[in-house]
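Coordinates from upload06.cif are shown below (mmCIF, C-alpha atoms).
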data_final
loop_
_atom_site.group_PDB
_atom_site.id
_atom_site.type_symbol
_atom_site.label_atom_id
_atom_site.label_comp_id
_atom_site.auth_asym_id
_atom_site.auth_seq_id
_atom_site.Cartn_x
_atom_site.Cartn_y
_atom_site.Cartn_z
ATOM 1 C CA MET A 491 0.000 0.000 0.000
ATOM 2 C CA GLY A 492 1.185 3.488 -0.719
ATOM 3 C CA CYS A 493 1.657 6.104 1.941
ATOM 4 C CA GLN A 494 -1.399 8.238 2.721
ATOM 5 C CA THR A 495 -1.350 11.684 4.265
ATOM 6 C CA THR A 496 -3.780 12.163 7.115
ATOM 7 C CA LYS A 497 -5.277 15.538 7.971
ATOM 8 C CA ASP A 498 -6.315 16.670 11.357
ATOM 9 C CA ALA A 499 -9.916 17.744 11.729
ATOM 10 C CA SER A 500 -8.889 21.247 12.862
ATOM 11 C CA ASP A 501 -6.708 21.769 9.741
ATOM 12 C CA VAL A 502 -9.548 20.719 7.501
ATOM 13 C CA HIS A 503 -11.879 23.126 9.274
ATOM 14 C CA PHE A 504 -9.341 26.011 9.045
ATOM 15 C CA ASN A 505 -8.752 25.472 5.312
ATOM 16 C CA SER A 506 -12.464 25.234 4.655
ATOM 17 C CA VAL A 507 -13.062 28.545 6.453
ATOM 18 C CA CYS A 508 -10.253 30.235 4.488
ATOM 19 C CA GLN A 509 -11.635 28.948 1.209
ATOM 20 C CA PHE A 510 -15.127 30.098 2.146
ATOM 21 C CA HIS A 511 -13.952 33.647 2.906
ATOM 22 C CA ASN A 512 -11.480 33.701 0.004
ATOM 23 C CA LEU A 513 -8.570 34.530 2.362
ATOM 24 C CA PRO A 514 -4.890 33.830 1.670
ATOM 25 C CA SER A 515 -3.490 30.596 2.842
ATOM 26 C CA PRO A 516 -1.888 30.391 6.306
ATOM 27 C CA CYS A 517 1.520 29.953 4.727
ATOM 28 C CA LEU A 518 1.330 33.393 3.119
ATOM 29 C CA LEU A 519 0.179 34.924 6.403
ATOM 30 C CA PHE A 520 3.122 33.439 8.241
ATOM 31 C CA LEU A 521 5.462 34.723 5.516
ATOM 32 C CA PHE A 522 4.223 38.306 5.809
ATOM 33 C CA LEU A 523 3.814 38.296 9.593
ATOM 34 C CA PRO A 524 7.408 39.430 10.384
ATOM 35 C CA PHE A 525 7.100 42.277 7.897
ATOM 36 C CA LEU A 526 3.779 43.381 9.345
ATOM 37 C CA LEU A 527 5.185 43.321 12.879
ATOM 38 C CA SER A 528 8.253 45.329 11.884
ATOM 39 C CA LEU A 529 6.293 47.918 9.917
ATOM 40 C CA PRO A 530 5.641 50.220 12.955
ATOM 41 C CA LEU A 531 9.329 50.013 13.862
ATOM 42 C CA ARG A 532 10.266 51.227 10.390
ATOM 43 C CA LEU A 533 8.330 54.422 11.100
ATOM 44 C CA ASP A 534 10.495 55.240 14.135
ATOM 45 C CA ILE A 535 12.619 58.304 13.299
ATOM 46 C CA TYR A 536 14.112 58.406 16.813
ATOM 47 C CA ARG A 537 16.195 55.257 16.664
ATOM 48 C CA LYS A 538 18.153 54.315 19.731
ATOM 49 C CA VAL A 539 21.858 53.603 19.790
ATOM 50 C CA PRO A 540 23.045 50.945 22.251
ATOM 51 C CA LYS A 541 25.120 52.327 25.090
ATOM 52 C CA ASP A 542 27.970 50.008 24.180
ATOM 53 C CA LEU A 543 28.356 51.900 20.895
ATOM 54 C CA THR A 544 28.596 55.362 22.504
ATOM 55 C CA GLN A 545 31.721 56.987 23.880
ATOM 56 C CA PRO A 546 31.585 59.686 26.598
ATOM 57 C CA THR A 547 34.189 62.458 26.489
ATOM 58 C CA TYR A 548 35.173 65.323 28.765
ATOM 59 C CA THR A 549 34.588 67.754 25.932
ATOM 60 C CA GLY A 550 31.077 66.414 25.417
ATOM 61 C CA ALA A 551 30.370 66.697 29.142
ATOM 62 C CA PHE A 552 31.539 70.329 29.177
ATOM 63 C CA ILE A 553 29.446 71.192 26.122
ATOM 64 C CA SER A 554 26.419 69.438 27.660
ATOM 65 C CA ILE A 555 26.696 71.477 30.872
ATOM 66 C CA CYS A 556 27.056 74.723 28.926
ATOM 67 C CA CYS A 557 24.120 73.692 26.760
ATOM 68 C CA CYS A 558 21.862 73.072 29.783
ATOM 69 C CA VAL A 559 22.830 76.376 31.430
ATOM 70 C CA PHE A 560 22.216 78.272 28.187
ATOM 71 C CA MET A 561 18.820 76.622 27.682
ATOM 72 C CA LEU A 562 17.828 77.399 31.273
ATOM 73 C CA PHE A 563 18.743 81.049 30.793
ATOM 74 C CA LEU A 564 16.727 81.308 27.581
ATOM 75 C CA PHE A 565 13.800 79.439 29.119
ATOM 76 C CA LEU A 566 13.640 81.833 32.093
ATOM 77 C CA SER A 567 13.858 84.795 29.730
ATOM 78 C CA GLU A 568 10.973 83.488 27.650
ATOM 79 C CA LEU A 569 8.957 82.659 30.768
ATOM 80 C CA THR A 570 9.414 86.193 32.090
ATOM 81 C CA GLY A 571 8.249 87.597 28.770
ATOM 82 C CA PHE A 572 5.254 85.257 28.742
ATOM 83 C CA ILE A 573 4.133 86.217 32.255
ATOM 84 C CA ALA A 574 4.632 89.953 31.779
ATOM 85 C CA THR A 575 2.210 92.088 29.774
ATOM 86 C CA GLU A 576 3.180 94.352 26.923
ATOM 87 C CA ILE A 577 1.622 97.648 25.890
ATOM 88 C CA VAL A 578 0.753 98.058 22.221
ATOM 89 C CA ASN A 579 -0.201 101.516 20.948
ATOM 90 C CA GLU A 580 -2.059 102.527 17.828
ATOM 91 C CA LEU A 581 -3.433 105.700 16.243
ATOM 92 C CA TYR A 582 -6.815 106.245 14.632
ATOM 93 C CA VAL A 583 -9.218 109.074 13.818
ATOM 94 C CA ASP A 584 -12.354 108.949 15.961
ATOM 95 C CA ASP A 585 -13.943 110.222 19.148
ATOM 96 C CA PRO A 586 -13.287 107.357 21.591
ATOM 97 C CA ASP A 587 -15.560 108.519 24.423
ATOM 98 C CA LYS A 588 -18.922 108.977 22.722
ATOM 99 C CA ASP A 589 -20.779 108.506 26.025
ATOM 100 C CA SER A 590 -19.256 111.591 27.633
ATOM 101 C CA GLY A 591 -21.907 113.920 26.258
ATOM 102 C CA GLY A 592 -19.314 116.024 24.449
ATOM 103 C CA LYS A 593 -17.605 116.988 27.712
ATOM 104 C CA ILE A 594 -14.049 116.680 29.020
ATOM 105 C CA ASP A 595 -13.260 116.692 32.728
ATOM 106 C CA VAL A 596 -10.469 119.056 33.777
ATOM 107 C CA SER A 597 -8.434 119.103 36.997
ATOM 108 C CA LEU A 598 -6.481 122.292 37.797
ATOM 109 C CA ASN A 599 -4.202 122.982 40.756
ATOM 110 C CA ILE A 600 -2.266 126.267 40.738
ATOM 111 C CA SER A 601 -0.620 128.497 43.354
ATOM 112 C CA LEU A 602 -0.436 132.300 43.147
ATOM 113 C CA PRO A 603 1.724 133.290 46.140
ATOM 114 C CA ASN A 604 1.210 137.063 45.704
ATOM 115 C CA LEU A 605 -2.507 137.296 44.987
ATOM 116 C CA HIS A 606 -5.261 137.258 47.630
ATOM 117 C CA CYS A 607 -7.895 134.501 47.381
ATOM 118 C CA ASP A 608 -10.732 137.073 47.182
ATOM 119 C CA LEU A 609 -9.312 138.228 43.847
ATOM 120 C CA VAL A 610 -8.703 134.820 42.256
ATOM 121 C CA GLY A 611 -11.339 133.457 39.903
ATOM 122 C CA LEU A 612 -11.755 130.979 37.050
ATOM 123 C CA ASP A 613 -13.428 131.986 33.782
ATOM 124 C CA ILE A 614 -14.498 129.555 31.019
ATOM 125 C CA GLN A 615 -15.506 130.300 27.444
ATOM 126 C CA ASP A 616 -15.622 128.411 24.145
ATOM 127 C CA GLU A 617 -16.875 128.546 20.552
ATOM 128 C CA MET A 618 -20.267 127.071 21.494
ATOM 129 C CA GLY A 619 -21.146 130.328 23.222
ATOM 130 C CA ARG A 620 -20.266 129.368 26.763
ATOM 131 C CA HIS A 621 -18.969 132.310 28.781
ATOM 132 C CA GLU A 622 -18.787 131.728 32.510
ATOM 133 C CA VAL A 623 -17.079 134.213 34.815
ATOM 134 C CA GLY A 624 -16.068 133.205 38.349
ATOM 135 C CA HIS A 625 -16.673 129.456 38.157
ATOM 136 C CA ILE A 626 -16.987 128.144 41.724
ATOM 137 C CA ASP A 627 -18.433 124.594 41.438
ATOM 138 C CA ASN A 628 -16.097 121.847 42.740
ATOM 139 C CA SER A 629 -13.394 124.420 43.444
ATOM 140 C CA MET A 630 -11.455 125.350 46.546
ATOM 141 C CA LYS A 631 -9.190 128.242 47.529
ATOM 142 C CA ILE A 632 -6.464 127.795 50.135
ATOM 143 C CA ALA A 633 -4.748 130.837 51.616
ATOM 144 C CA LEU A 634 -0.939 130.997 51.359
ATOM 145 C CA ASN A 635 1.679 133.242 52.990
ATOM 146 C CA ASN A 636 -0.604 134.408 55.813
ATOM 147 C CA GLY A 637 -3.382 135.292 53.422
ATOM 148 C CA GLN A 638 -1.207 137.143 50.925
ATOM 149 C CA GLY A 639 -1.298 134.308 48.409
ATOM 150 C CA CYS A 640 -3.756 131.697 47.202
ATOM 151 C CA ARG A 641 -3.810 128.132 45.972
ATOM 152 C CA PHE A 642 -6.682 127.348 43.624
ATOM 153 C CA GLU A 643 -7.879 123.755 43.151
ATOM 154 C CA GLY A 644 -10.792 123.035 40.885
ATOM 155 C CA GLU A 645 -12.471 120.320 38.845
ATOM 156 C CA PHE A 646 -14.761 121.325 36.005
ATOM 157 C CA SER A 647 -15.788 120.245 32.496
ATOM 158 C CA ILE A 648 -15.260 121.818 29.102
ATOM 159 C CA ASN A 649 -16.948 121.215 25.765
ATOM 160 C CA LYS A 650 -15.146 119.312 22.999
ATOM 161 C CA VAL A 651 -14.704 122.467 20.936
ATOM 162 C CA PRO A 652 -11.900 125.042 20.856
ATOM 163 C CA GLY A 653 -12.014 127.459 23.760
ATOM 164 C CA ASN A 654 -10.146 128.635 26.820
ATOM 165 C CA PHE A 655 -10.272 128.860 30.576
ATOM 166 C CA HIS A 656 -8.217 131.376 32.530
ATOM 167 C CA VAL A 657 -7.325 132.342 36.056
ATOM 168 C CA SER A 658 -7.799 136.078 36.543
ATOM 169 C CA THR A 659 -9.265 138.812 38.702
ATOM 170 C CA HIS A 660 -12.192 139.393 36.313
ATOM 171 C CA SER A 661 -14.733 138.037 38.800
ATOM 172 C CA ALA A 662 -13.514 140.183 41.703
ATOM 173 C CA THR A 663 -15.878 142.884 42.950
ATOM 174 C CA ALA A 664 -13.042 145.426 42.947
ATOM 175 C CA GLN A 665 -10.111 145.204 40.582
ATOM 176 C CA PRO A 666 -6.689 145.555 42.225
ATOM 177 C CA GLN A 667 -4.245 148.145 40.975
ATOM 178 C CA ASN A 668 -1.298 145.857 40.286
ATOM 179 C CA PRO A 669 -2.325 142.179 40.399
ATOM 180 C CA ASP A 670 0.650 139.835 40.591
ATOM 181 C CA MET A 671 0.162 136.796 38.349
ATOM 182 C CA THR A 672 3.372 134.968 39.126
ATOM 183 C CA HIS A 673 2.381 131.358 39.680
ATOM 184 C CA LEU A 674 3.326 127.723 40.041
ATOM 185 C CA ILE A 675 1.232 125.055 38.293
ATOM 186 C CA HIS A 676 0.999 121.823 40.274
ATOM 187 C CA LYS A 677 -1.383 119.977 38.013
ATOM 188 C CA LEU A 678 -3.367 120.368 34.824
ATOM 189 C CA ALA A 679 -4.908 117.121 33.604
ATOM 190 C CA PHE A 680 -7.829 116.108 31.388
ATOM 191 C CA GLY A 681 -10.053 113.034 31.653
ATOM 192 C CA GLU A 682 -9.525 110.013 33.885
ATOM 193 C CA LYS A 683 -6.246 109.467 35.683
ATOM 194 C CA LEU A 684 -4.191 106.584 34.293
ATOM 195 C CA GLN A 685 -2.180 104.856 37.008
ATOM 196 C CA VAL A 686 -0.058 102.807 34.630
ATOM 197 C CA HIS A 687 3.705 103.081 35.022
ATOM 198 C CA THR A 688 4.440 101.457 31.658
ATOM 199 C CA VAL A 689 2.651 104.203 29.737
ATOM 200 C CA GLN A 690 4.785 107.300 29.351
ATOM 201 C CA GLY A 691 2.730 110.246 28.139
ATOM 202 C CA ALA A 692 2.158 113.964 28.558
ATOM 203 C CA PHE A 693 -0.903 113.642 30.784
ATOM 204 C CA ASN A 694 0.302 116.444 33.088
ATOM 205 C CA ALA A 695 2.651 118.344 30.798
ATOM 206 C CA LEU A 696 2.316 121.594 32.753
ATOM 207 C CA GLY A 697 2.846 119.986 36.154
ATOM 208 C CA GLY A 698 5.716 121.823 37.853
ATOM 209 C CA ALA A 699 5.664 124.842 35.523
ATOM 210 C CA ASN A 700 7.293 127.623 37.541
ATOM 211 C CA ARG A 701 6.643 131.282 36.662
ATOM 212 C CA LEU A 702 7.484 132.760 40.059
ATOM 213 C CA GLU A 703 10.365 134.774 38.614
ATOM 214 C CA SER A 704 8.334 136.215 35.747
ATOM 215 C CA ASN A 705 7.127 139.804 35.356
ATOM 216 C CA ALA A 706 4.482 140.302 38.026
ATOM 217 C CA LEU A 707 2.171 142.239 35.674
ATOM 218 C CA ALA A 708 2.580 139.925 32.693
ATOM 219 C CA SER A 709 -0.125 137.723 31.260
ATOM 220 C CA HIS A 710 0.667 134.116 30.406
ATOM 221 C CA ASP A 711 -0.714 132.222 27.447
ATOM 222 C CA TYR A 712 -0.570 128.436 27.417
ATOM 223 C CA ILE A 713 -1.621 127.028 24.032
ATOM 224 C CA LEU A 714 -2.704 123.396 24.463
ATOM 225 C CA LYS A 715 -3.249 120.721 21.832
ATOM 226 C CA ILE A 716 -5.336 118.016 23.495
ATOM 227 C CA VAL A 717 -4.955 114.436 22.229
ATOM 228 C CA PRO A 718 -7.655 111.858 23.187
ATOM 229 C CA THR A 719 -6.127 108.750 24.761
ATOM 230 C CA VAL A 720 -7.663 105.340 25.474
ATOM 231 C CA TYR A 721 -6.195 102.654 27.724
ATOM 232 C CA GLU A 722 -7.577 99.100 27.515
ATOM 233 C CA ASP A 723 -6.480 96.467 30.039
ATOM 234 C CA LEU A 724 -6.401 92.676 29.653
ATOM 235 C CA ALA A 725 -10.024 92.374 30.802
ATOM 236 C CA GLY A 726 -11.178 94.763 28.067
ATOM 237 C CA ARG A 727 -11.967 97.639 30.452
ATOM 238 C CA GLN A 728 -11.294 101.054 28.933
ATOM 239 C CA LYS A 729 -10.238 104.334 30.524
ATOM 240 C CA PHE A 730 -10.501 107.613 28.653
ATOM 241 C CA SER A 731 -7.892 110.247 29.274
ATOM 242 C CA TYR A 732 -6.197 113.047 27.373
ATOM 243 C CA GLN A 733 -2.614 113.986 26.714
ATOM 244 C CA TYR A 734 -1.613 117.432 25.562
ATOM 245 C CA THR A 735 1.258 119.393 24.137
ATOM 246 C CA VAL A 736 1.879 122.951 25.248
ATOM 247 C CA ALA A 737 3.473 126.159 24.029
ATOM 248 C CA ASN A 738 3.517 129.342 26.066
ATOM 249 C CA LYS A 739 4.182 133.024 25.745
ATOM 250 C CA GLU A 740 4.387 135.928 28.187
ATOM 251 C CA TYR A 741 3.232 139.481 27.463
ATOM 252 C CA VAL A 742 1.798 142.603 29.102
ATOM 253 C CA ALA A 743 -1.867 143.200 28.215
ATOM 254 C CA TYR A 744 -3.650 146.536 28.548
ATOM 255 C CA SER A 745 -7.410 147.097 28.808
ATOM 256 C CA HIS A 746 -9.326 149.718 26.795
ATOM 257 C CA THR A 747 -8.884 152.104 29.720
ATOM 258 C CA GLY A 748 -5.118 151.666 29.665
ATOM 259 C CA ARG A 749 -4.952 149.556 32.797
ATOM 260 C CA ILE A 750 -2.878 146.399 33.012
ATOM 261 C CA ILE A 751 -5.107 143.391 33.725
ATOM 262 C CA PRO A 752 -2.961 140.259 33.642
ATOM 263 C CA ALA A 753 -4.379 136.737 33.468
ATOM 264 C CA ILE A 754 -3.248 133.140 33.063
ATOM 265 C CA TRP A 755 -4.815 131.776 29.869
ATOM 266 C CA PHE A 756 -5.173 128.146 28.888
ATOM 267 C CA ARG A 757 -6.262 128.072 25.241
ATOM 268 C CA TYR A 758 -7.070 124.605 23.989
ATOM 269 C CA ASP A 759 -7.962 122.775 20.803
ATOM 270 C CA LEU A 760 -8.626 119.072 20.244
ATOM 271 C CA SER A 761 -6.672 116.800 17.943
ATOM 272 C CA PRO A 762 -8.669 114.447 15.674
ATOM 273 C CA ILE A 763 -6.079 111.720 16.258
ATOM 274 C CA THR A 764 -6.736 109.270 19.117
ATOM 275 C CA VAL A 765 -3.952 107.306 20.811
ATOM 276 C CA LYS A 766 -4.917 103.854 22.098
ATOM 277 C CA TYR A 767 -2.838 101.735 24.488
ATOM 278 C CA THR A 768 -3.778 98.064 24.741
ATOM 279 C CA GLU A 769 -2.491 95.531 27.261
ATOM 280 C CA ARG A 770 -1.557 92.224 25.667
ATOM 281 C CA ARG A 771 0.004 88.981 26.828
ATOM 282 C CA GLN A 772 2.033 86.611 24.665
ATOM 283 C CA PRO A 773 -0.126 83.709 23.374
ATOM 284 C CA LEU A 774 0.565 80.243 24.784
ATOM 285 C CA TYR A 775 1.281 78.730 21.358
ATOM 286 C CA ARG A 776 3.990 81.332 20.731
ATOM 287 C CA PHE A 777 5.587 80.568 24.089
ATOM 288 C CA ILE A 778 5.601 76.820 23.348
ATOM 289 C CA THR A 779 7.031 77.469 19.876
ATOM 290 C CA SER A 780 9.830 79.558 21.351
ATOM 291 C CA ILE A 781 10.686 76.890 23.935
ATOM 292 C CA CYS A 782 10.808 74.169 21.258
ATOM 293 C CA ALA A 783 13.009 76.361 19.097
ATOM 294 C CA ILE A 784 15.355 77.015 22.024
ATOM 295 C CA ILE A 785 15.687 73.332 22.933
ATOM 296 C CA GLY A 786 15.988 72.066 19.378
ATOM 297 C CA GLY A 787 18.337 74.798 18.212
ATOM 298 C CA THR A 788 20.601 74.539 21.239
ATOM 299 C CA PHE A 789 20.880 70.751 20.993
ATOM 300 C CA THR A 790 21.572 70.923 17.263
ATOM 301 C CA VAL A 791 24.295 73.563 17.530
ATOM 302 C CA ALA A 792 25.858 71.845 20.555
ATOM 303 C CA GLY A 793 25.855 68.518 18.698
ATOM 304 C CA ILE A 794 27.594 70.069 15.690
ATOM 305 C CA ILE A 795 30.239 71.678 17.903
ATOM 306 C CA ASP A 796 30.825 68.453 19.826
ATOM 307 C CA SER A 797 31.051 66.421 16.605
ATOM 308 C CA CYS A 798 33.586 68.826 15.094
ATOM 309 C CA ILE A 799 35.737 68.792 18.218
ATOM 310 C CA PHE A 800 35.564 65.008 18.493
ATOM 311 C CA THR A 801 36.434 64.504 14.807
ATOM 312 C CA ALA A 802 39.343 66.910 15.056
ATOM 313 C CA SER A 803 40.687 65.231 18.194
ATOM 314 C CA GLU A 804 40.465 61.763 16.603
ATOM 315 C CA ALA A 805 42.258 62.982 13.507
ATOM 316 C CA TRP A 806 44.985 64.517 15.682
ATOM 317 C CA LYS A 807 45.407 61.238 17.517
ATOM 318 C CA LYS A 808 45.827 59.375 14.222
ATOM 319 C CA ILE A 809 48.431 61.890 13.114
ATOM 320 C CA GLN A 810 50.354 61.446 16.365
ATOM 321 C CA LEU A 811 50.205 57.645 16.046
ATOM 322 C CA GLY A 812 51.480 57.930 12.480
ATOM 323 C CA LYS A 813 54.433 59.977 13.594
ATOM 324 C CA LEU A 814 55.293 57.511 16.370
ATOM 325 C CA SER A 815 55.179 54.567 13.987
#

Can the structure in the file be given as structure tokens, please?
Amino acid sequence: MGCQTTKDASDVHFNSVCQFHNLPSPCLLFLFLPFLLSLPLRLDIYRKVPKDLTQPTYTGAFISICCCVFMLFLFLSELTGFIATEIVNELYVDDPDKDSGGKIDVSLNISLPNLHCDLVGLDIQDEMGRHEVGHIDNSMKIALNNGQGCRFEGEFSINKVPGNFHVSTHSATAQPQNPDMTHLIHKLAFGEKLQVHTVQGAFNALGGANRLESNALASHDYILKIVPTVYEDLAGRQKFSYQYTVANKEYVAYSHTGRIIPAIWFRYDLSPITVKYTERRQPLYRFITSICAIIGGTFTVAGIIDSCIFTASEAWKKIQLGKLS
């Protein structure tokens, strides 16, 4: 009798299932199994080198330490910049504070050391027809030099049109013969007060202006160009203030009767340009990008330097061995 090949029942069942589903034979599966298992490993771009194939050097250790210190320094610098806020400014043409009713708040603080408080008054007038003599609302007079001088502090509003306000004796019941208008300006500010140290602006450009040595009978003209200013914090809250530039002149003014009636004039006009300061913080994605660039760039440059030094040292060793032989 010839030899007969016997098949196990499980093999017959397996082959029948494969034929039913039109699948490749088990032999082909076993042939391609190693390739399929190694396919994910072929996608690894970070291949590892066995430690037995690496060689530590003192130069590499020194470069590694310097590399870590340098990366730490750059990381702390970037972290400080990420935590801190930056102020971005921009210019545009518009009225930023449309809810103000066309008014601007003014704060004035001025000392006249040689003029009695009964003679000091504030007058306001503008191109809309406003003409107010002896404004007294929200104002205060403080006697100086045993009553011989006066310090005037006042808060008032002006219209957003060209005009002026001036400190004079026009509201006094009796005009003095020789009023002395020498003065010291402590504060002249418009709008809300901005308590932001990072914003440098001319919000109180006349603060500290000293005219105590000027001609006692001279009038003083301060020509102001008011610039609307907006400050927006990280939460989106806005504050409306005003900066201003100033030019001044001093002259002796005579009335129609020939008398000298000096005054301190503040003539103002508004600029159509608005300055906006916005608080911003560096986005997180930019911070992460910077950190990745620092780490990757530092490691790459350090690796190139270490490789060059190592190659040069090995070549030098070969040269020395060649000379000895």

*Near Ala743 of chain A, counting all atoms listed in the file, which residues have an atom at most 8 Å away, once you skip same-chain residues fewer than 4 positions from it, shown as a list of chain:residue names?*
A:Ala708, A:Ser709, A:Ile750, A:Ile751, A:Pro752

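Across the model, the gap from atom CA of Tyr582 of chain A to atom CA of Ile594 of chain A is 19.2 Å.
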
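Using the PyMOL selection byres ((chain A and resi 645) around 8) on this structure selects Asp595, Val596, Ser597, Leu598, Asp627, Asn628, Ser629, Glu643, Gly644, Phe646 and Ser647 of chain A.
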
_the PyMOL selection byres ((chain A and resi 716-733) around 6) applied to the shown file, residues as a PyMOL selection string_ = chain A and resi 680-682+692-693+715+734+760-761+764-769

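Minimum atom-to-atom distances from A:Cys558, A:Val742, A:Cys782, A:Ile600 to Cys640 of chain A were compared using only C-alpha atoms, and the lowest value belongs to A:Ile600.
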
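For the set A:Asp584, A:Arg749, A:Gly611, A:Val578, the residue with the smallest atom-to-atom gap to Val689 of chain A is A:Val578, counting all atoms listed in the file.
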
*Which value, in Å to one decimal, gives the distance between atom CA of Ile754 of chain A and atom CA of Ile675 of chain A?*
10.6 Å

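Going from atom CA of Phe789 of chain A over to atom CA of Met561 of chain A, you cover 9.1 Å.
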
_Please list as a list of chain:residue names every residue within 8 Å of Phe572 of chain A, counting all atoms listed in the file and excluding residues in the same chain fewer than 5 positions away._
A:Arg771, A:Gln772, A:Pro773, A:Leu774, A:Phe777

Pull C-alpha atoms from the residues just selected and write them as a short mmCIF file (atom, residue, chain, number, x, y, z; two decimals), in the coordinates of the input.
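Contents of the output file part37.cif:
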data_model
loop_
_atom_site.label_atom_id
_atom_site.label_comp_id
_atom_site.auth_asym_id
_atom_site.auth_seq_id
_atom_site.Cartn_x
_atom_site.Cartn_y
_atom_site.Cartn_z
CA ARG A 771 0.00 88.98 26.83
CA GLN A 772 2.03 86.61 24.66
CA PRO A 773 -0.13 83.71 23.37
CA LEU A 774 0.56 80.24 24.78
CA PHE A 777 5.59 80.57 24.09
#

_From the options A:Cys798, A:Ile573, A:Ala753, A:Val736, which residue's atoms come nearest to Asp613 of chain A, counting only C-alpha atoms?_
A:Ala753

*When the PyMOL selection byres ((chain A and resi 780) around 12) is applied to the file above, which residues end up in the set, as a PyMOL selection string?*
chain A and resi 561+564-569+571-572+772-779+781-788

Near-Leu674 of chain A list (9 Å; all atoms listed in the file; drop same-chain fewer than 3 positions) as a short mmCIF file (atom, residue, chain, number, x, y, z; two decimals) with C-alpha atoms, keeping the file's coordinate frame:
data_model
loop_
_atom_site.label_atom_id
_atom_site.label_comp_id
_atom_site.auth_asym_id
_atom_site.auth_seq_id
_atom_site.Cartn_x
_atom_site.Cartn_y
_atom_site.Cartn_z
CA ASN A 599 -4.20 122.98 40.76
CA ILE A 600 -2.27 126.27 40.74
CA SER A 601 -0.62 128.50 43.35
CA LEU A 602 -0.44 132.30 43.15
CA PRO A 603 1.72 133.29 46.14
CA GLY A 697 2.85 119.99 36.15
CA GLY A 698 5.72 121.82 37.85
CA ALA A 699 5.66 124.84 35.52
CA ASN A 700 7.29 127.62 37.54
CA ARG A 701 6.64 131.28 36.66
CA LEU A 702 7.48 132.76 40.06
#

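Proximity to Leu605 of chain A was assessed for A:Asn694, A:Thr735, A:Gln545, A:Asn636 counting only C-alpha atoms; the smallest distance is recorded for A:Asn636.
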
_Long-range neighbours of Lys593 of chain A as a PyMOL selection string, 9 Å cut-off, all atoms listed in the file, 6 positions minimum in chain_ = chain A and resi 647-650

With C-alpha atoms retained, write the just-selected residues as an mmCIF file, in the frame of the given file.
data_model
loop_
_atom_site.group_PDB
_atom_site.id
_atom_site.type_symbol
_atom_site.label_atom_id
_atom_site.label_comp_id
_atom_site.auth_asym_id
_atom_site.auth_seq_id
_atom_site.Cartn_x
_atom_site.Cartn_y
_atom_site.Cartn_z
ATOM 1 C CA SER A 647 -15.788 120.245 32.496
ATOM 2 C CA ILE A 648 -15.260 121.818 29.102
ATOM 3 C CA ASN A 649 -16.948 121.215 25.765
ATOM 4 C CA LYS A 650 -15.146 119.312 22.999
#

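Distances from A:Ser704, A:Ile553, A:Arg537, A:Gly653 to Ile794 of chain A were compared using all atoms listed in the file, and the smallest one belongs to A:Ile553.
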
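Nearest to Val651 of chain A of all the residues A:Gly691, A:Pro669, A:Gly592, A:Gly637 is A:Gly592, based on all atoms listed in the file.
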
Could you model N, CA and C atoms for segment 557-568 of chain A and present them as a CSV table (one decimal), in the coordinates of the input?
chain,number,residue,atom,x,y,z
A,557,CYS,N,25.4,73.7,27.5
A,557,CYS,CA,24.1,73.7,26.8
A,557,CYS,C,22.9,73.8,27.7
A,558,CYS,N,23.0,73.1,28.8
A,558,CYS,CA,21.9,73.1,29.8
A,558,CYS,C,21.7,74.4,30.4
A,559,VAL,N,22.9,75.0,30.8
A,559,VAL,CA,22.8,76.4,31.4
A,559,VAL,C,22.3,77.4,30.5
A,560,PHE,N,22.7,77.3,29.2
A,560,PHE,CA,22.2,78.3,28.2
A,560,PHE,C,20.7,78.1,28.0
A,561,MET,N,20.3,76.9,27.9
A,561,MET,CA,18.8,76.6,27.7
A,561,MET,C,18.0,77.1,28.9
A,562,LEU,N,18.5,76.9,30.1
A,562,LEU,CA,17.8,77.4,31.3
A,562,LEU,C,17.7,78.9,31.3
A,563,PHE,N,18.8,79.6,30.9
A,563,PHE,CA,18.7,81.0,30.8
A,563,PHE,C,17.7,81.5,29.8
A,564,LEU,N,17.7,80.9,28.6
A,564,LEU,CA,16.7,81.3,27.6
A,564,LEU,C,15.3,81.0,28.0
A,565,PHE,N,15.1,79.8,28.7
A,565,PHE,CA,13.8,79.4,29.1
A,565,PHE,C,13.3,80.4,30.1
A,566,LEU,N,14.1,80.9,31.1
A,566,LEU,CA,13.6,81.8,32.1
A,566,LEU,C,13.3,83.2,31.4
A,567,SER,N,14.1,83.5,30.4
A,567,SER,CA,13.9,84.8,29.7
A,567,SER,C,12.5,84.7,29.0
A,568,GLU,N,12.3,83.6,28.3
A,568,GLU,CA,11.0,83.5,27.6
A,568,GLU,C,9.8,83.4,28.6
